[in-house]
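Contents: one structure, followed by commentary.
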Amino acid sequence: MSVSTRGRGWGARSLGDCVLRELDPLVAKRGLGEAALLLRWREIVGARIAGFSQPARLQWPPRPRAKATENKGKRRETPREPATLVLRVEPGFGLEAQHLAPAIIERVNAHLGWRCVARLALRQEALNVASPPPRRPPRPD
């Protein structure tokens with residue numbers, strides 16, 4: 001638990017908030033911008049899709065240089081092109097992921113709150129999914 005001295009008194013923050021804040025710069029190097037896309041992938045796309053896919057990175061198109069307009073020499077901001085989400089897909093599930101691409105894009109954009117992703121690129125490779133610990137049988141009464 002982390003203690004904050006902001007405001008008028010002491011307050012506790014959850015460990016999850018601290019972890020997300022520390023992970024954000026690391027995942028930004030992969031173009032993702034925020035760790036929530038990696039950490040909450042199952043919640044975003046659902047258990048079925050998350051069972052055979054993982055996000056790898058967001059590939060942004062090159063940004064064109066801003067051109068100076070004729071009036072007052074101010075630079076005009078050009079709208080940013082949407083990114084391509086690179087998904088790692090379990091071998092054999094590429095076709096299914098391709099058919100579900102519109103639903104995946106819609107769910108990711110809904111989670112992010114803006115039209116961030118326009119396309120999917122699929123890489124078929126084995127996923128490194130941590131298996132759940134084996135269940136112990138209940139103790140006898």
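Letters for chains follow the order of the structure tokens (A, B, ...), residue numbers begin at 1 for each chain, and ligand numbers begin at 1 in the order shown.
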Using DSSP assignments from the backbone, pull out every residue in stretch 73-117 of chain A that falls under helix (DSSP H, G or I) and give it to me as a short mmCIF file (atom, residue, chain, number, x, y, z; two decimals) with all heavy atoms, in the first residue's frame.
```cif
data_model
loop_
_atom_site.label_atom_id
_atom_site.label_comp_id
_atom_site.auth_asym_id
_atom_site.auth_seq_id
_atom_site.Cartn_x
_atom_site.Cartn_y
_atom_site.Cartn_z
N GLY A 94 -5.49 -17.91 -36.76
CA GLY A 94 -5.35 -16.71 -37.57
C GLY A 94 -6.60 -16.37 -38.35
O GLY A 94 -7.02 -15.21 -38.43
N LEU A 95 -7.22 -17.38 -38.94
CA LEU A 95 -8.43 -17.14 -39.73
C LEU A 95 -9.57 -16.65 -38.84
O LEU A 95 -10.31 -15.74 -39.21
CB LEU A 95 -8.83 -18.42 -40.47
CG LEU A 95 -10.01 -18.29 -41.43
CD1 LEU A 95 -9.69 -17.28 -42.52
CD2 LEU A 95 -10.34 -19.64 -42.04
N GLU A 96 -9.70 -17.26 -37.67
CA GLU A 96 -10.75 -16.82 -36.75
C GLU A 96 -10.51 -15.37 -36.30
O GLU A 96 -11.44 -14.57 -36.23
CB GLU A 96 -10.82 -17.74 -35.54
CG GLU A 96 -11.98 -17.43 -34.63
CD GLU A 96 -12.18 -18.47 -33.55
OE1 GLU A 96 -11.51 -19.50 -33.57
OE2 GLU A 96 -13.04 -18.22 -32.70
N ALA A 97 -9.25 -15.04 -35.99
CA ALA A 97 -8.93 -13.67 -35.60
C ALA A 97 -9.20 -12.69 -36.73
O ALA A 97 -9.65 -11.57 -36.50
CB ALA A 97 -7.47 -13.58 -35.16
N GLN A 98 -8.96 -13.13 -37.95
CA GLN A 98 -9.22 -12.27 -39.11
C GLN A 98 -10.72 -12.01 -39.25
O GLN A 98 -11.14 -10.89 -39.55
CB GLN A 98 -8.67 -12.93 -40.36
CG GLN A 98 -8.67 -12.04 -41.58
CD GLN A 98 -7.97 -12.71 -42.75
OE1 GLN A 98 -7.63 -13.89 -42.70
NE2 GLN A 98 -7.77 -11.95 -43.80
N HIS A 99 -11.53 -13.01 -39.00
CA HIS A 99 -12.99 -12.83 -39.09
C HIS A 99 -13.51 -11.97 -37.94
O HIS A 99 -14.51 -11.26 -38.10
CB HIS A 99 -13.70 -14.18 -39.07
CG HIS A 99 -13.59 -14.92 -40.37
ND1 HIS A 99 -14.15 -14.48 -41.54
CD2 HIS A 99 -12.97 -16.08 -40.68
CE1 HIS A 99 -13.89 -15.32 -42.51
NE2 HIS A 99 -13.16 -16.31 -42.01
N ALA A 101 -11.84 -9.52 -36.56
CA ALA A 101 -11.11 -8.25 -36.54
C ALA A 101 -12.01 -7.03 -36.32
O ALA A 101 -11.67 -6.17 -35.49
CB ALA A 101 -10.29 -8.08 -37.82
N PRO A 102 -13.15 -6.89 -36.99
CA PRO A 102 -13.98 -5.71 -36.73
C PRO A 102 -14.45 -5.62 -35.28
O PRO A 102 -14.49 -4.54 -34.69
CB PRO A 102 -15.18 -5.88 -37.68
CG PRO A 102 -14.68 -6.77 -38.76
CD PRO A 102 -13.69 -7.69 -38.11
N ALA A 103 -14.79 -6.76 -34.67
CA ALA A 103 -15.23 -6.75 -33.27
C ALA A 103 -14.07 -6.39 -32.34
O ALA A 103 -14.26 -5.65 -31.38
CB ALA A 103 -15.80 -8.11 -32.89
N ILE A 104 -12.88 -6.91 -32.62
CA ILE A 104 -11.71 -6.61 -31.79
C ILE A 104 -11.39 -5.12 -31.87
O ILE A 104 -11.17 -4.47 -30.84
CB ILE A 104 -10.50 -7.46 -32.22
CG1 ILE A 104 -10.77 -8.94 -31.95
CG2 ILE A 104 -9.24 -7.01 -31.50
CD1 ILE A 104 -9.73 -9.88 -32.55
N ILE A 105 -11.39 -4.57 -33.08
CA ILE A 105 -11.10 -3.15 -33.25
C ILE A 105 -12.13 -2.29 -32.53
O ILE A 105 -11.79 -1.32 -31.85
CB ILE A 105 -11.04 -2.80 -34.76
CG1 ILE A 105 -9.81 -3.46 -35.39
CG2 ILE A 105 -11.02 -1.30 -34.98
CD1 ILE A 105 -9.79 -3.37 -36.90
N GLU A 106 -13.40 -2.66 -32.65
CA GLU A 106 -14.46 -1.89 -32.00
C GLU A 106 -14.31 -1.91 -30.47
O GLU A 106 -14.45 -0.89 -29.81
CB GLU A 106 -15.81 -2.48 -32.40
CG GLU A 106 -16.99 -1.77 -31.77
CD GLU A 106 -18.30 -2.43 -32.17
OE1 GLU A 106 -18.36 -3.08 -33.22
OE2 GLU A 106 -19.26 -2.28 -31.40
N ARG A 107 -13.99 -3.08 -29.91
CA ARG A 107 -13.85 -3.18 -28.45
C ARG A 107 -12.63 -2.43 -27.94
O ARG A 107 -12.69 -1.80 -26.89
CB ARG A 107 -13.78 -4.65 -28.05
CG ARG A 107 -15.08 -5.37 -28.24
CD ARG A 107 -14.96 -6.84 -27.95
NE ARG A 107 -16.20 -7.54 -28.26
CZ ARG A 107 -16.36 -8.83 -28.15
NH1 ARG A 107 -15.37 -9.59 -27.72
NH2 ARG A 107 -17.50 -9.39 -28.45
N VAL A 108 -11.52 -2.49 -28.67
CA VAL A 108 -10.31 -1.77 -28.25
C VAL A 108 -10.56 -0.27 -28.32
O VAL A 108 -10.20 0.48 -27.39
CB VAL A 108 -9.10 -2.18 -29.11
CG1 VAL A 108 -7.92 -1.26 -28.88
CG2 VAL A 108 -8.71 -3.62 -28.83
N ASN A 109 -11.17 0.21 -29.40
CA ASN A 109 -11.46 1.64 -29.52
C ASN A 109 -12.45 2.10 -28.46
O ASN A 109 -12.33 3.21 -27.94
CB ASN A 109 -11.98 1.96 -30.92
CG ASN A 109 -10.90 1.91 -31.96
OD1 ASN A 109 -9.71 2.01 -31.65
ND2 ASN A 109 -11.29 1.74 -33.20
N ALA A 110 -13.42 1.26 -28.12
CA ALA A 110 -14.37 1.63 -27.06
C ALA A 110 -13.65 1.73 -25.72
O ALA A 110 -13.95 2.62 -24.92
CB ALA A 110 -15.49 0.60 -26.98
N HIS A 111 -12.70 0.84 -25.48
CA HIS A 111 -11.94 0.90 -24.22
C HIS A 111 -11.08 2.15 -24.17
O HIS A 111 -11.02 2.82 -23.13
CB HIS A 111 -11.06 -0.34 -24.08
CG HIS A 111 -10.09 -0.24 -22.95
ND1 HIS A 111 -10.47 -0.35 -21.64
CD2 HIS A 111 -8.76 0.01 -22.94
CE1 HIS A 111 -9.41 -0.19 -20.86
NE2 HIS A 111 -8.37 0.02 -21.63
N LEU A 112 -10.42 2.49 -25.27
CA LEU A 112 -9.54 3.65 -25.29
C LEU A 112 -10.31 4.96 -25.36
O LEU A 112 -9.78 6.00 -24.99
CB LEU A 112 -8.56 3.55 -26.46
CG LEU A 112 -7.58 2.37 -26.38
CD1 LEU A 112 -6.76 2.29 -27.65
CD2 LEU A 112 -6.68 2.51 -25.17
#
```
Might you pull out every residue within 6 Å of stretch 43-55 of chain A, with only C-alpha atoms counted and same-chain residues fewer than 4 positions away left off, and present them as a ChimeraX atom specification? /A:87-90
How far is it from atom CA of A:Leu120 to atom CA of A:Arg57, in Å with one decimal?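 Going from atom CA of A:Leu120 over to atom CA of A:Arg57, I get 10.4 Å.
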Looking at A:Leu58, A:Arg135, A:Asp141, A:Ala118, which one is nearest to A:Pro82, with distances taken over only C-alpha atoms?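 With only C-alpha atoms as the atom set, the closest residue is A:Ala118.
The space between atom CA of A:Ala12 and atom CA of A:Ala36 spans 21.2 Å.
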Nearest residue to A:Phe93 out of A:Pro138, A:Ser14, A:Arg123, A:Pro133, using only C-alpha atoms?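 Residue with the minimum atom-to-atom distance to A:Phe93: A:Arg123.
Minimum atom-to-atom distance to A:Ala56, evaluated using only C-alpha atoms, belongs to A:Leu85 out of A:Pro140, A:Leu85, A:Cys18, A:Asn128.
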d(atom CA of A:Gln59, atom CA of A:Trp114) in Å: 16.1 Å
